[in-house]
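Structure file data_31.pdb with PDB, C-alpha atoms and all ligand atoms:
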```pdb
ATOM      1  CA  MET R   1     -71.036-193.304 -78.368  1.00  0.00           C
ATOM      2  CA  ASN R   2     -69.580-196.806 -77.729  1.00  0.00           C
ATOM      3  CA  PHE R   3     -66.605-196.601 -75.316  1.00  0.00           C
ATOM      4  CA  ALA R   4     -66.072-200.402 -75.067  1.00  0.00           C
ATOM      5  CA  GLU R   5     -63.440-200.677 -77.831  1.00  0.00           C
ATOM      6  CA  PRO R   6     -61.222-197.692 -76.846  1.00  0.00           C
ATOM      7  CA  LEU R   7     -61.491-198.750 -73.191  1.00  0.00           C
ATOM      8  CA  LYS R   8     -60.366-202.310 -74.063  1.00  0.00           C
ATOM      9  CA  GLN R   9     -57.427-200.856 -76.059  1.00  0.00           C
ATOM     10  CA  LEU R  10     -56.466-198.637 -73.084  1.00  0.00           C
ATOM     11  CA  GLN R  11     -56.618-201.587 -70.660  1.00  0.00           C
ATOM     12  CA  ASP R  12     -54.436-203.702 -72.990  1.00  0.00           C
ATOM     13  CA  HIS R  13     -51.948-200.870 -73.302  1.00  0.00           C
ATOM     14  CA  LEU R  14     -51.764-200.438 -69.494  1.00  0.00           C
ATOM     15  CA  GLU R  15     -51.340-204.215 -69.008  1.00  0.00           C
ATOM     16  CA  MET R  16     -48.496-204.186 -71.510  1.00  0.00           C
ATOM     17  CA  LEU R  17     -46.826-201.245 -69.714  1.00  0.00           C
ATOM     18  CA  LYS R  18     -47.223-203.043 -66.375  1.00  0.00           C
ATOM     19  CA  ARG R  19     -45.692-206.240 -67.710  1.00  0.00           C
ATOM     20  CA  SER R  20     -42.753-204.227 -68.995  1.00  0.00           C
ATOM     21  CA  GLY R  21     -42.173-202.743 -65.488  1.00  0.00           C
ATOM     22  CA  VAL R  22     -44.011-199.363 -65.708  1.00  0.00           C
ATOM     23  CA  ASP R  23     -45.986-198.888 -62.503  1.00  0.00           C
ATOM     24  CA  PHE R  24     -46.505-195.108 -62.509  1.00  0.00           C
ATOM     25  CA  ILE R  25     -47.719-192.827 -65.236  1.00  0.00           C
ATOM     26  CA  SER R  26     -48.322-189.113 -64.996  1.00  0.00           C
ATOM     27  CA  ILE R  27     -51.670-187.832 -66.141  1.00  0.00           C
ATOM     28  CA  ARG R  28     -51.675-184.358 -67.687  1.00  0.00           C
ATOM     29  CA  GLN R  29     -54.295-182.123 -66.069  1.00  0.00           C
ATOM     30  CA  GLU R  30     -56.154-179.700 -68.252  1.00  0.00           C
ATOM     31  CA  LYS R  31     -55.603-176.099 -67.226  1.00  0.00           C
ATOM     32  CA  GLN R  32     -58.449-175.108 -64.929  1.00  0.00           C
ATOM     33  CA  THR R  33     -60.706-172.364 -66.198  1.00  0.00           C
ATOM     34  CA  PRO R  34     -61.154-169.799 -63.417  1.00  0.00           C
ATOM     35  CA  THR R  35     -64.646-169.806 -62.046  1.00  0.00           C
ATOM     36  CA  VAL R  36     -66.165-167.702 -59.304  1.00  0.00           C
ATOM     37  CA  SER R  37     -65.569-170.526 -56.805  1.00  0.00           C
ATOM     38  CA  ASN R  38     -61.911-171.257 -57.629  1.00  0.00           C
ATOM     39  CA  ILE R  39     -60.526-167.729 -58.023  1.00  0.00           C
ATOM     40  CA  ALA R  40     -58.547-166.759 -54.923  1.00  0.00           C
ATOM     41  CA  VAL R  41     -60.295-163.775 -53.383  1.00  0.00           C
ATOM     42  CA  GLU R  42     -57.884-160.840 -53.334  1.00  0.00           C
ATOM     43  CA  PRO R  43     -58.547-158.168 -50.681  1.00  0.00           C
ATOM     44  CA  LEU R  44     -59.859-155.048 -52.381  1.00  0.00           C
ATOM     45  CA  GLY R  45     -57.316-152.202 -52.450  1.00  0.00           C
ATOM     46  CA  LEU R  46     -58.729-149.741 -49.926  1.00  0.00           C
ATOM     47  CA  ALA R  47     -57.916-146.071 -50.453  1.00  0.00           C
ATOM     48  CA  SER R  48     -55.764-144.525 -47.721  1.00  0.00           C
ATOM     49  CA  PRO R  49     -57.259-141.695 -45.613  1.00  0.00           C
ATOM     50  CA  LYS R  50     -55.017-139.295 -47.553  1.00  0.00           C
ATOM     51  CA  GLU R  51     -56.357-140.454 -50.927  1.00  0.00           C
ATOM     52  CA  THR R  52     -59.909-140.346 -49.596  1.00  0.00           C
ATOM     53  CA  LEU R  53     -59.484-136.850 -48.193  1.00  0.00           C
ATOM     54  CA  LEU R  54     -57.827-135.570 -51.386  1.00  0.00           C
ATOM     55  CA  ALA R  55     -60.646-136.997 -53.496  1.00  0.00           C
ATOM     56  CA  PHE R  56     -63.215-135.475 -51.139  1.00  0.00           C
ATOM     57  CA  ARG R  57     -61.418-132.123 -51.373  1.00  0.00           C
ATOM     58  CA  GLU R  58     -61.979-132.118 -55.137  1.00  0.00           C
ATOM     59  CA  THR R  59     -65.733-132.417 -54.505  1.00  0.00           C
ATOM     60  CA  VAL R  60     -65.767-129.618 -51.951  1.00  0.00           C
ATOM     61  CA  LEU R  61     -63.752-127.310 -54.242  1.00  0.00           C
ATOM     62  CA  GLN R  62     -66.610-127.497 -56.778  1.00  0.00           C
ATOM     63  CA  CYS R  63     -69.299-126.568 -54.244  1.00  0.00           C
ATOM     64  CA  ALA R  64     -71.836-123.945 -55.287  1.00  0.00           C
ATOM     65  CA  LYS R  65     -74.523-124.600 -52.663  1.00  0.00           C
ATOM     66  CA  CYS R  66     -74.340-121.028 -51.273  1.00  0.00           C
ATOM     67  CA  SER R  67     -74.847-118.737 -54.239  1.00  0.00           C
ATOM     68  CA  GLU R  68     -73.442-115.629 -52.529  1.00  0.00           C
ATOM     69  CA  LEU R  69     -70.363-117.311 -51.060  1.00  0.00           C
ATOM     70  CA  SER R  70     -69.480-119.217 -54.216  1.00  0.00           C
ATOM     71  CA  ARG R  71     -69.777-115.987 -56.208  1.00  0.00           C
ATOM     72  CA  THR R  72     -67.695-113.826 -53.864  1.00  0.00           C
ATOM     73  CA  ARG R  73     -65.002-116.273 -52.706  1.00  0.00           C
ATOM     74  CA  LYS R  74     -61.473-116.342 -54.093  1.00  0.00           C
ATOM     75  CA  SER R  75     -60.819-119.834 -52.696  1.00  0.00           C
ATOM     76  CA  VAL R  76     -62.561-122.732 -51.083  1.00  0.00           C
ATOM     77  CA  VAL R  77     -60.554-123.218 -47.889  1.00  0.00           C
ATOM     78  CA  PHE R  78     -60.796-126.969 -47.376  1.00  0.00           C
ATOM     79  CA  GLY R  79     -58.377-127.283 -44.449  1.00  0.00           C
ATOM     80  CA  SER R  80     -54.769-128.306 -43.967  1.00  0.00           C
ATOM     81  CA  GLY R  81     -52.527-130.450 -41.833  1.00  0.00           C
ATOM     82  CA  ASN R  82     -52.077-134.080 -40.984  1.00  0.00           C
ATOM     83  CA  VAL R  83     -54.634-136.523 -42.379  1.00  0.00           C
ATOM     84  CA  ARG R  84     -53.889-138.924 -39.522  1.00  0.00           C
ATOM     85  CA  ALA R  85     -53.981-136.249 -36.828  1.00  0.00           C
ATOM     86  CA  GLN R  86     -55.177-137.203 -33.374  1.00  0.00           C
ATOM     87  CA  LEU R  87     -56.235-133.593 -32.852  1.00  0.00           C
ATOM     88  CA  VAL R  88     -58.367-131.469 -35.196  1.00  0.00           C
ATOM     89  CA  PHE R  89     -59.076-127.764 -34.687  1.00  0.00           C
ATOM     90  CA  VAL R  90     -62.322-126.421 -36.126  1.00  0.00           C
ATOM     91  CA  GLY R  91     -62.765-122.675 -36.604  1.00  0.00           C
ATOM     92  CA  GLU R  92     -65.616-120.592 -37.939  1.00  0.00           C
ATOM     93  CA  ALA R  93     -64.934-119.523 -41.520  1.00  0.00           C
ATOM     94  CA  PRO R  94     -62.068-118.233 -43.644  1.00  0.00           C
ATOM     95  CA  GLY R  95     -61.281-114.535 -43.382  1.00  0.00           C
ATOM     96  CA  HIS R  96     -59.618-112.219 -45.886  1.00  0.00           C
ATOM     97  CA  ASP R  97     -56.135-113.757 -45.678  1.00  0.00           C
ATOM     98  CA  GLU R  98     -57.418-117.334 -45.729  1.00  0.00           C
ATOM     99  CA  ASP R  99     -59.584-116.585 -48.759  1.00  0.00           C
ATOM    100  CA  LEU R 100     -56.552-115.171 -50.600  1.00  0.00           C
ATOM    101  CA  GLN R 101     -54.195-118.005 -49.686  1.00  0.00           C
ATOM    102  CA  GLY R 102     -56.676-120.893 -49.700  1.00  0.00           C
ATOM    103  CA  LEU R 103     -55.406-122.005 -46.277  1.00  0.00           C
ATOM    104  CA  PRO R 104     -57.072-121.896 -42.856  1.00  0.00           C
ATOM    105  CA  PHE R 105     -55.920-119.641 -40.024  1.00  0.00           C
ATOM    106  CA  VAL R 106     -53.089-117.808 -41.761  1.00  0.00           C
ATOM    107  CA  GLY R 107     -53.979-114.259 -40.650  1.00  0.00           C
ATOM    108  CA  LYS R 108     -53.510-112.652 -37.204  1.00  0.00           C
ATOM    109  CA  ALA R 109     -55.873-115.099 -35.469  1.00  0.00           C
ATOM    110  CA  GLY R 110     -54.035-117.906 -37.250  1.00  0.00           C
ATOM    111  CA  GLN R 111     -50.690-116.740 -35.900  1.00  0.00           C
ATOM    112  CA  LEU R 112     -52.132-116.908 -32.405  1.00  0.00           C
ATOM    113  CA  LEU R 113     -53.560-120.373 -33.120  1.00  0.00           C
ATOM    114  CA  THR R 114     -50.084-121.508 -34.214  1.00  0.00           C
ATOM    115  CA  LYS R 115     -48.716-120.341 -30.830  1.00  0.00           C
ATOM    116  CA  ILE R 116     -51.551-122.101 -28.990  1.00  0.00           C
ATOM    117  CA  ILE R 117     -50.757-125.351 -30.834  1.00  0.00           C
ATOM    118  CA  GLU R 118     -47.059-124.970 -30.082  1.00  0.00           C
ATOM    119  CA  SER R 119     -47.820-124.301 -26.399  1.00  0.00           C
ATOM    120  CA  ILE R 120     -48.780-127.975 -26.035  1.00  0.00           C
ATOM    121  CA  GLY R 121     -45.701-129.262 -27.850  1.00  0.00           C
ATOM    122  CA  LEU R 122     -47.297-129.740 -31.276  1.00  0.00           C
ATOM    123  CA  THR R 123     -46.919-128.091 -34.668  1.00  0.00           C
ATOM    124  CA  ARG R 124     -49.446-127.273 -37.371  1.00  0.00           C
ATOM    125  CA  GLN R 125     -48.096-130.298 -39.253  1.00  0.00           C
ATOM    126  CA  ASN R 126     -49.122-132.611 -36.382  1.00  0.00           C
ATOM    127  CA  VAL R 127     -52.755-131.494 -36.348  1.00  0.00           C
ATOM    128  CA  PHE R 128     -55.494-130.813 -38.869  1.00  0.00           C
ATOM    129  CA  ILE R 129     -57.105-127.374 -39.080  1.00  0.00           C
ATOM    130  CA  CYS R 130     -60.375-126.562 -40.819  1.00  0.00           C
ATOM    131  CA  ASN R 131     -63.515-124.467 -40.453  1.00  0.00           C
ATOM    132  CA  VAL R 132     -67.275-124.904 -40.306  1.00  0.00           C
ATOM    133  CA  LEU R 133     -67.619-122.826 -43.497  1.00  0.00           C
ATOM    134  CA  LYS R 134     -65.201-123.457 -46.331  1.00  0.00           C
ATOM    135  CA  CYS R 135     -65.869-120.092 -47.994  1.00  0.00           C
ATOM    136  CA  ARG R 136     -65.406-116.588 -46.657  1.00  0.00           C
ATOM    137  CA  PRO R 137     -68.593-114.710 -45.749  1.00  0.00           C
ATOM    138  CA  PRO R 138     -68.255-111.276 -47.425  1.00  0.00           C
ATOM    139  CA  GLY R 139     -66.960-108.565 -45.104  1.00  0.00           C
ATOM    140  CA  ASN R 140     -66.309-111.256 -42.459  1.00  0.00           C
ATOM    141  CA  ARG R 141     -69.955-111.264 -41.431  1.00  0.00           C
ATOM    142  CA  ASN R 142     -71.190-114.154 -39.292  1.00  0.00           C
ATOM    143  CA  PRO R 143     -72.109-117.386 -41.089  1.00  0.00           C
ATOM    144  CA  LEU R 144     -75.834-117.614 -41.857  1.00  0.00           C
ATOM    145  CA  PRO R 145     -77.844-120.631 -40.635  1.00  0.00           C
ATOM    146  CA  ASN R 146     -78.432-121.916 -44.180  1.00  0.00           C
ATOM    147  CA  GLU R 147     -74.696-121.568 -44.968  1.00  0.00           C
ATOM    148  CA  ILE R 148     -73.894-123.652 -41.906  1.00  0.00           C
ATOM    149  CA  SER R 149     -76.384-126.333 -42.869  1.00  0.00           C
ATOM    150  CA  ASN R 150     -75.036-126.388 -46.441  1.00  0.00           C
ATOM    151  CA  CYS R 151     -71.437-126.719 -45.297  1.00  0.00           C
ATOM    152  CA  GLU R 152     -71.582-128.835 -42.123  1.00  0.00           C
ATOM    153  CA  PRO R 153     -71.791-132.168 -44.000  1.00  0.00           C
ATOM    154  CA  TYR R 154     -68.327-131.370 -45.405  1.00  0.00           C
ATOM    155  CA  LEU R 155     -66.954-130.860 -41.909  1.00  0.00           C
ATOM    156  CA  PHE R 156     -68.569-134.054 -40.633  1.00  0.00           C
ATOM    157  CA  GLU R 157     -67.157-136.019 -43.570  1.00  0.00           C
ATOM    158  CA  GLN R 158     -63.670-134.606 -42.969  1.00  0.00           C
ATOM    159  CA  LEU R 159     -63.880-135.751 -39.346  1.00  0.00           C
ATOM    160  CA  GLU R 160     -65.163-139.156 -40.448  1.00  0.00           C
ATOM    161  CA  ILE R 161     -62.153-139.601 -42.758  1.00  0.00           C
ATOM    162  CA  ILE R 162     -59.537-138.291 -40.314  1.00  0.00           C
ATOM    163  CA  GLN R 163     -61.007-140.011 -37.234  1.00  0.00           C
ATOM    164  CA  PRO R 164     -59.289-137.757 -34.676  1.00  0.00           C
ATOM    165  CA  LYS R 165     -59.298-138.695 -31.015  1.00  0.00           C
ATOM    166  CA  ILE R 166     -59.812-135.066 -29.980  1.00  0.00           C
ATOM    167  CA  ILE R 167     -61.627-132.201 -31.685  1.00  0.00           C
ATOM    168  CA  CYS R 168     -61.123-128.652 -30.475  1.00  0.00           C
ATOM    169  CA  ALA R 169     -63.952-126.315 -31.446  1.00  0.00           C
ATOM    170  CA  LEU R 170     -62.722-122.743 -31.643  1.00  0.00           C
ATOM    171  CA  GLY R 171     -65.483-120.320 -30.769  1.00  0.00           C
ATOM    172  CA  THR R 172     -69.252-120.267 -30.734  1.00  0.00           C
ATOM    173  CA  PHE R 173     -70.017-121.318 -34.310  1.00  0.00           C
ATOM    174  CA  ALA R 174     -67.804-124.408 -34.274  1.00  0.00           C
ATOM    175  CA  ALA R 175     -68.958-125.450 -30.795  1.00  0.00           C
ATOM    176  CA  GLN R 176     -72.657-124.948 -31.509  1.00  0.00           C
ATOM    177  CA  THR R 177     -72.478-126.629 -34.929  1.00  0.00           C
ATOM    178  CA  LEU R 178     -70.689-129.723 -33.650  1.00  0.00           C
ATOM    179  CA  LEU R 179     -72.697-130.062 -30.447  1.00  0.00           C
ATOM    180  CA  LYS R 180     -76.042-129.038 -31.961  1.00  0.00           C
ATOM    181  CA  THR R 181     -76.675-126.632 -29.137  1.00  0.00           C
ATOM    182  CA  GLN R 182     -77.409-122.956 -28.639  1.00  0.00           C
ATOM    183  CA  SER R 183     -75.427-122.751 -25.385  1.00  0.00           C
ATOM    184  CA  PRO R 184     -72.786-120.019 -25.245  1.00  0.00           C
ATOM    185  CA  ILE R 185     -69.128-120.945 -25.562  1.00  0.00           C
ATOM    186  CA  SER R 186     -68.496-119.832 -21.958  1.00  0.00           C
ATOM    187  CA  ALA R 187     -70.879-122.584 -20.782  1.00  0.00           C
ATOM    188  CA  LEU R 188     -69.424-125.241 -23.100  1.00  0.00           C
ATOM    189  CA  ARG R 189     -65.694-124.797 -22.544  1.00  0.00           C
ATOM    190  CA  GLY R 190     -63.562-126.368 -19.826  1.00  0.00           C
ATOM    191  CA  ARG R 191     -64.694-130.005 -20.215  1.00  0.00           C
ATOM    192  CA  PHE R 192     -64.832-132.786 -22.745  1.00  0.00           C
ATOM    193  CA  HIS R 193     -68.018-133.523 -24.652  1.00  0.00           C
ATOM    194  CA  GLU R 194     -68.651-136.544 -26.863  1.00  0.00           C
ATOM    195  CA  PHE R 195     -68.736-136.260 -30.647  1.00  0.00           C
ATOM    196  CA  ARG R 196     -69.214-139.461 -32.652  1.00  0.00           C
ATOM    197  CA  GLY R 197     -66.712-141.390 -30.533  1.00  0.00           C
ATOM    198  CA  ALA R 198     -64.190-138.544 -30.263  1.00  0.00           C
ATOM    199  CA  LYS R 199     -63.599-136.184 -27.344  1.00  0.00           C
ATOM    200  CA  LEU R 200     -64.689-132.663 -28.169  1.00  0.00           C
ATOM    201  CA  ILE R 201     -63.459-129.650 -26.256  1.00  0.00           C
ATOM    202  CA  CYS R 202     -64.639-126.109 -26.893  1.00  0.00           C
ATOM    203  CA  THR R 203     -62.551-123.046 -26.276  1.00  0.00           C
ATOM    204  CA  PHE R 204     -62.478-119.364 -27.146  1.00  0.00           C
ATOM    205  CA  HIS R 205     -61.718-118.386 -30.733  1.00  0.00           C
ATOM    206  CA  PRO R 206     -58.217-116.888 -31.253  1.00  0.00           C
ATOM    207  CA  ALA R 207     -59.802-113.763 -32.806  1.00  0.00           C
ATOM    208  CA  TYR R 208     -61.765-113.282 -29.567  1.00  0.00           C
ATOM    209  CA  LEU R 209     -58.524-113.675 -27.616  1.00  0.00           C
ATOM    210  CA  LEU R 210     -56.913-110.924 -29.680  1.00  0.00           C
ATOM    211  CA  ARG R 211     -59.686-108.600 -28.472  1.00  0.00           C
ATOM    212  CA  ASN R 212     -59.838-110.067 -24.942  1.00  0.00           C
ATOM    213  CA  PRO R 213     -56.307-111.152 -23.993  1.00  0.00           C
ATOM    214  CA  GLU R 214     -57.337-111.585 -20.339  1.00  0.00           C
ATOM    215  CA  GLU R 215     -59.222-114.754 -21.434  1.00  0.00           C
ATOM    216  CA  LYS R 216     -56.016-116.451 -22.613  1.00  0.00           C
ATOM    217  CA  LYS R 217     -55.560-118.259 -19.319  1.00  0.00           C
ATOM    218  CA  LYS R 218     -58.870-120.088 -19.805  1.00  0.00           C
ATOM    219  CA  VAL R 219     -57.691-121.268 -23.228  1.00  0.00           C
ATOM    220  CA  TRP R 220     -54.459-122.407 -21.614  1.00  0.00           C
ATOM    221  CA  GLU R 221     -56.512-124.485 -19.130  1.00  0.00           C
ATOM    222  CA  ASP R 222     -58.356-126.095 -22.069  1.00  0.00           C
ATOM    223  CA  MET R 223     -55.084-126.768 -23.892  1.00  0.00           C
ATOM    224  CA  LYS R 224     -53.631-128.477 -20.821  1.00  0.00           C
ATOM    225  CA  MET R 225     -56.652-130.803 -20.815  1.00  0.00           C
ATOM    226  CA  ILE R 226     -55.933-131.663 -24.452  1.00  0.00           C
ATOM    227  CA  ARG R 227     -52.240-132.216 -23.707  1.00  0.00           C
ATOM    228  CA  ALA R 228     -53.034-134.553 -20.794  1.00  0.00           C
ATOM    229  CA  GLU R 229     -55.563-136.492 -22.874  1.00  0.00           C
ATOM    230  CA  LEU R 230     -53.072-136.908 -25.759  1.00  0.00           C
ATOM    231  CA  ALA R 231     -50.401-138.051 -23.283  1.00  0.00           C
ATOM    232  CA  SER R 232     -52.762-140.757 -22.032  1.00  0.00           C
ATOM    233  CA  TYR R 233     -52.827-142.303 -25.554  1.00  0.00           C
ATOM    234  CA  ALA R 234     -49.025-142.435 -25.871  1.00  0.00           C
TER     235      ALA R 234
HETATM  236  N1  LIG L   1     -61.042-117.430 -38.330  1.00  0.00           N
HETATM  237  C1  LIG L   1     -61.560-118.663 -38.516  1.00  0.00           C
HETATM  238  O1  LIG L   1     -62.512-119.053 -37.845  1.00  0.00           O
HETATM  239  N2  LIG L   1     -61.003-119.435 -39.409  1.00  0.00           N
HETATM  240  C2  LIG L   1     -59.968-119.082 -40.163  1.00  0.00           C
HETATM  241  O2  LIG L   1     -59.520-119.882 -40.978  1.00  0.00           O
HETATM  242  C3  LIG L   1     -59.445-117.800 -39.951  1.00  0.00           C
HETATM  243  C4  LIG L   1     -59.988-116.994 -39.030  1.00  0.00           C
END
```
Could I get this file's structure written as structure tokens?
Amino acid sequence: MNFAEPLKQLQDHLEMLKRSGVDFISIRQEKQTPTVSNIAVEPLGLASPKETLLAFRETVLQCAKCSELSRTRKSVVFGSGNVRAQLVFVGEAPGHDEDLQGLPFVGKAGQLLTKIIESIGLTRQNVFICNVLKCRPPGNRNPLPNEISNCEPYLFEQLEIIQPKIICALGTFAAQTLLKTQSPISALRGRFHEFRGAKLICTFHPAYLLRNPEEKKKVWEDMKMIRAELASYA
């Protein structure tokens, strides 16, 4: 294509404008087509811990990894409380009342746990409460090793989402599952352990305390350690 003639016409036109006193003309810019390099990068909308935990709950509610437990359960007891809790309590497994209500620690042991939580100036709404097993073992039998290995990834994921500063393992099953040990609870309690960047303390299960009330003072010692640790973050 020969541009000489239109270019000459344009130059003449500009000269004429200049002679008549025009020294500025505005040039219309074509609208830019967005390309990968000129689109402003928007931060991706990250889901909040609450949304993440609620979505994860939906997955856990569908679980059928343990054929006996998924057949006999009335509810999957995911856990309840504050998604941003600094303190998470982990029990063993739902019992009869928990299975009926779909909530953790709502029976007699749960009432004692509520008092234990309140003894350090907190409420159940301040903390998160869950169990190693999300389904009730029939007749309240102990969790089986394969049930624990099926269910523990759910617990670990819950802790990953909530990111508590302190985890309190209630009783042997929670302590041994989280610490990957066979040591008895009496040897594990009374000090902080490390769990994936959080402080983990083990103490006696409230159901054990109902049968052995003389052990309550040891739990009180453990709770005071939690209270002091929480105060150090304030
Ligand atoms: N015992 C547990 O370990 N968990 C519950 O939720 C209730 C009783």
From CA of Pro145 (chain R) to CA of Thr177 (chain R) the spacing works out at 9.9 Å
List the residues selected by the PyMOL selection byres (((chain R and resi 164) around 9) and not hetatm) in the file shown, writing them as a PyMOL selection string. chain R and resi 84-88+128+159-163+165-167+198-199
Target residues per the PyMOL selection byres (((chain R and resi 148) around 12) and not hetatm), formatted as a ChimeraX atom specification: /R:65-66,69,92-93,131-135,137,142-147,149-156,173-174,176-178,180
Expressed in Å to a single decimal, how great is the separation between CA of Val77 (chain R) and CA of Ile117 (chain R)?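 Interatomic distance, CA of Val77 (chain R) to CA of Ile117 (chain R): 19.8 Å.
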List as a PyMOL selection string the residues having at least one atom at most 12 Å from position (-63.8, -116.9, -27.7) as given in the file, counting all atoms listed in the file. chain R and resi 91-92+109+169-175+184-189+202-219
Nearby residues (all atoms listed in the file) at most 8 Å from His96 (chain R), same-chain spacing under 5 positions excluded, as a list in words: Gly107, Arg136 and Asn140 of chain R
Draw an axis-aligned box tight on the listed atoms of ligand LIG 1 (chain L), then pad every side by 8 Å and write out centre and edge lengths in Å to one decimal as lines of an AutoDock Vina configuration file.
```
center_x = -61.0
center_y = -118.4
center_z = -39.4
size_x = 19.1
size_y = 18.9
size_z = 19.1
```
Keeping all heavy atoms, write region 113-120 of chain R of the structure just shown out as an mmCIF file, in the first residue's frame.
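Written output follows (result17.cif):
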```cif
data_model
loop_
_atom_site.group_PDB
_atom_site.id
_atom_site.type_symbol
_atom_site.label_atom_id
_atom_site.label_comp_id
_atom_site.auth_asym_id
_atom_site.auth_seq_id
_atom_site.Cartn_x
_atom_site.Cartn_y
_atom_site.Cartn_z
ATOM 1 N N LEU R 113 -17.228 -31.343 81.298
ATOM 2 C CA LEU R 113 -16.285 -30.594 80.440
ATOM 3 C C LEU R 113 -16.668 -29.110 80.405
ATOM 4 O O LEU R 113 -15.795 -28.233 80.460
ATOM 5 C CB LEU R 113 -16.255 -31.177 79.015
ATOM 6 C CG LEU R 113 -15.336 -30.430 78.045
ATOM 7 C CD1 LEU R 113 -13.872 -30.458 78.509
ATOM 8 C CD2 LEU R 113 -15.445 -30.995 76.630
ATOM 9 N N THR R 114 -17.963 -28.828 80.326
ATOM 10 C CA THR R 114 -18.410 -27.425 80.325
ATOM 11 C C THR R 114 -17.908 -26.719 81.593
ATOM 12 O O THR R 114 -17.398 -25.588 81.536
ATOM 13 C CB THR R 114 -19.949 -27.348 80.241
ATOM 14 O OG1 THR R 114 -20.356 -28.057 79.072
ATOM 15 C CG2 THR R 114 -20.452 -25.925 80.173
ATOM 16 N N LYS R 115 -18.001 -27.405 82.734
ATOM 17 C CA LYS R 115 -17.535 -26.791 84.002
ATOM 18 C C LYS R 115 -16.020 -26.586 83.970
ATOM 19 O O LYS R 115 -15.506 -25.583 84.470
ATOM 20 C CB LYS R 115 -17.887 -27.697 85.189
ATOM 21 C CG LYS R 115 -19.338 -27.621 85.576
ATOM 22 C CD LYS R 115 -19.561 -28.341 86.897
ATOM 23 C CE LYS R 115 -21.045 -28.482 87.159
ATOM 24 N NZ LYS R 115 -21.361 -29.588 88.041
ATOM 25 N N ILE R 116 -15.312 -27.565 83.400
ATOM 26 C CA ILE R 116 -13.845 -27.457 83.319
ATOM 27 C C ILE R 116 -13.468 -26.239 82.471
ATOM 28 O O ILE R 116 -12.580 -25.461 82.829
ATOM 29 C CB ILE R 116 -13.250 -28.765 82.734
ATOM 30 C CG1 ILE R 116 -13.419 -29.921 83.731
ATOM 31 C CG2 ILE R 116 -11.785 -28.587 82.359
ATOM 32 C CD1 ILE R 116 -13.082 -31.302 83.171
ATOM 33 N N ILE R 117 -14.175 -26.077 81.343
ATOM 34 C CA ILE R 117 -13.896 -24.923 80.461
ATOM 35 C C ILE R 117 -14.184 -23.621 81.210
ATOM 36 O O ILE R 117 -13.403 -22.660 81.160
ATOM 37 C CB ILE R 117 -14.743 -25.036 79.171
ATOM 38 C CG1 ILE R 117 -14.280 -26.239 78.333
ATOM 39 C CG2 ILE R 117 -14.674 -23.758 78.343
ATOM 40 C CD1 ILE R 117 -15.228 -26.629 77.204
ATOM 41 N N GLU R 118 -15.302 -23.612 81.913
ATOM 42 C CA GLU R 118 -15.683 -22.381 82.638
ATOM 43 C C GLU R 118 -14.727 -22.093 83.795
ATOM 44 O O GLU R 118 -14.561 -20.938 84.183
ATOM 45 C CB GLU R 118 -17.135 -22.487 83.108
ATOM 46 C CG GLU R 118 -18.077 -22.375 81.906
ATOM 47 C CD GLU R 118 -19.542 -22.671 82.200
ATOM 48 O OE1 GLU R 118 -19.874 -23.097 83.332
ATOM 49 O OE2 GLU R 118 -20.352 -22.482 81.272
ATOM 50 N N SER R 119 -14.083 -23.139 84.317
ATOM 51 C CA SER R 119 -13.160 -22.935 85.452
ATOM 52 C C SER R 119 -11.958 -22.084 85.048
ATOM 53 O O SER R 119 -11.274 -21.529 85.911
ATOM 54 C CB SER R 119 -12.688 -24.279 86.008
ATOM 55 O OG SER R 119 -11.711 -24.851 85.141
ATOM 56 N N ILE R 120 -11.677 -21.999 83.750
ATOM 57 C CA ILE R 120 -10.553 -21.127 83.332
ATOM 58 C C ILE R 120 -11.075 -19.863 82.625
ATOM 59 O O ILE R 120 -10.384 -19.247 81.823
ATOM 60 C CB ILE R 120 -9.507 -21.878 82.466
ATOM 61 C CG1 ILE R 120 -10.158 -22.608 81.283
ATOM 62 C CG2 ILE R 120 -8.705 -22.833 83.323
ATOM 63 C CD1 ILE R 120 -9.144 -23.141 80.261
#
```
